[in-house]
Amino acid sequence: MEGKGSTLVHIVVIALSLTAFGFAIAAERRRSTGTIVTDHINANTTYCVYDSDIATGYGVGSFLFLLSAQSVLMAVTKCMCFGKPLAPGGSRAWSIIYFSGSWLTFLIAESCVIAGAAKNAYHTKYRDAVYAHNWTCESLRKGVFIAGAFFVVFTMILNVYYYMYFTKATSQAARKVATKAGGNVGMAGYA
C-alpha cells in the first residue's frame, strides 16, 4: 500500500478527466453546421444560418473539468516543487518524466477544446451576404474536439502514473530520513 497514494485523489482525478472527455466527445457530436439561406428581400443575396451553439458550452465544460483535475493533482502534490523532497532514484526520475508529460498533454488538450469552442462560437454568430451561388458555410473542422478528447485521456493516464511515482518517491525519502534519525552509533570506551 505504501507509495500508491490516496485512492480518493486517484478517483477524483479520473472522474474529472472522464467528465472532460465526455464533454469533448459531446462537443464534437454537436458541432455547429451552417446552411445557406436566400434572403427574402433580395433573391441574389445568400447568407449562412447556423444551428445551435451547444458545442461551445460542451467545449468550455471540457476545458473546466480538465483544468479542475489538473489543479487538484497539482494542489495535492504541491506541483512537485514545494513540500516533501523526492528520494533520488527511479521513482523520482519517473515522476519528473510523467509530470512533464502530463503538463505537455494537458496544454495540448486544453488548447484543442478551447480553440474548438471559440471557433464554434464564432461561426455560430457569423452571418454574411454574398452574391455567389457556389459559396459554402464555414464551420469548425471535424476532429478538433476529438483531438482534445484524445489528449484528455492521455493526460489522465500520465497524471495517474505521476501521482503514483510521486508518492512512492516521497515515501522513500521519508523512510530514509526516519532511518537516519533513528540510527545508533555504537561507541564504547576502551577498558
# chains A, B, ... in the order shown; residues from 1 in each chain; ligands from 1
$ residues_around --residues "region 169-171 of chain A" --least-positions-apart "5" --cutoff "7 Å" --atoms "only C-alpha atoms" --output "list in words"
Gly3, Lys84, Pro85, Leu86, Ala87, Ser91 and Arg92 of chain A
$ residues_around --residues "region 97-102 of chain A" --least-positions-apart "2" --cutoff "12 Å" --atoms "only C-alpha atoms" --output "compact mmCIF listing (two decimals) with C-alpha atoms, in the first residue's frame"
# COMPACT_ATOMS: atom_id res chain seq x y z
CA LEU A 66 -9.74 19.05 -17.15
CA ALA A 69 -8.44 17.64 -12.48
CA GLN A 70 -5.00 19.12 -13.11
CA LEU A 73 -3.48 16.93 -8.58
CA MET A 74 -1.06 19.85 -8.53
CA THR A 77 1.45 17.18 -4.90
CA LYS A 78 2.29 20.87 -4.42
CA CYS A 79 3.32 20.96 -8.07
CA MET A 80 6.29 18.72 -7.21
CA CYS A 81 8.35 21.84 -6.40
CA GLY A 90 13.95 5.60 -10.34
CA SER A 91 10.70 6.78 -8.75
CA ARG A 92 11.90 10.37 -8.74
CA ALA A 93 13.01 10.16 -12.37
CA TRP A 94 9.69 8.64 -13.46
CA SER A 95 7.69 11.21 -11.52
CA LEU A 104 2.52 18.91 -22.13
CA THR A 105 -0.57 16.83 -22.93
CA PHE A 106 -2.67 18.99 -20.61
CA LEU A 107 -1.73 22.14 -22.52
CA ILE A 108 -2.43 20.46 -25.87
CA ALA A 109 -5.82 19.16 -24.68
CA GLU A 110 -6.84 22.49 -23.23
CA PHE A 151 -5.21 14.29 -25.13
CA VAL A 152 -7.59 14.44 -22.15
CA VAL A 153 -7.34 10.65 -21.80
CA PHE A 154 -3.58 10.74 -22.30
CA THR A 155 -3.29 13.47 -19.64
CA MET A 156 -5.39 11.39 -17.23
CA ILE A 157 -3.14 8.34 -17.68
CA LEU A 158 0.03 10.40 -17.21
CA ASN A 159 -1.45 12.10 -14.13
CA VAL A 160 -2.25 8.76 -12.51
CA TYR A 161 1.28 7.50 -13.09
CA TYR A 162 2.78 10.80 -11.98
CA TYR A 163 0.89 10.70 -8.70
CA MET A 164 1.78 7.05 -8.12
CA TYR A 165 5.53 7.59 -8.66
CA PHE A 166 5.45 10.91 -6.78
$ closest_residue --among "A:Tyr58, A:Phe82, A:Trp103, A:Tyr47" --to "Ser32 (chain A)" --atoms "only C-alpha atoms"
A:Tyr58
$ atom_distance --atom1 "CA of Gly116 (chain A)" --atom2 "CA of Leu140 (chain A)"
7.1 Å
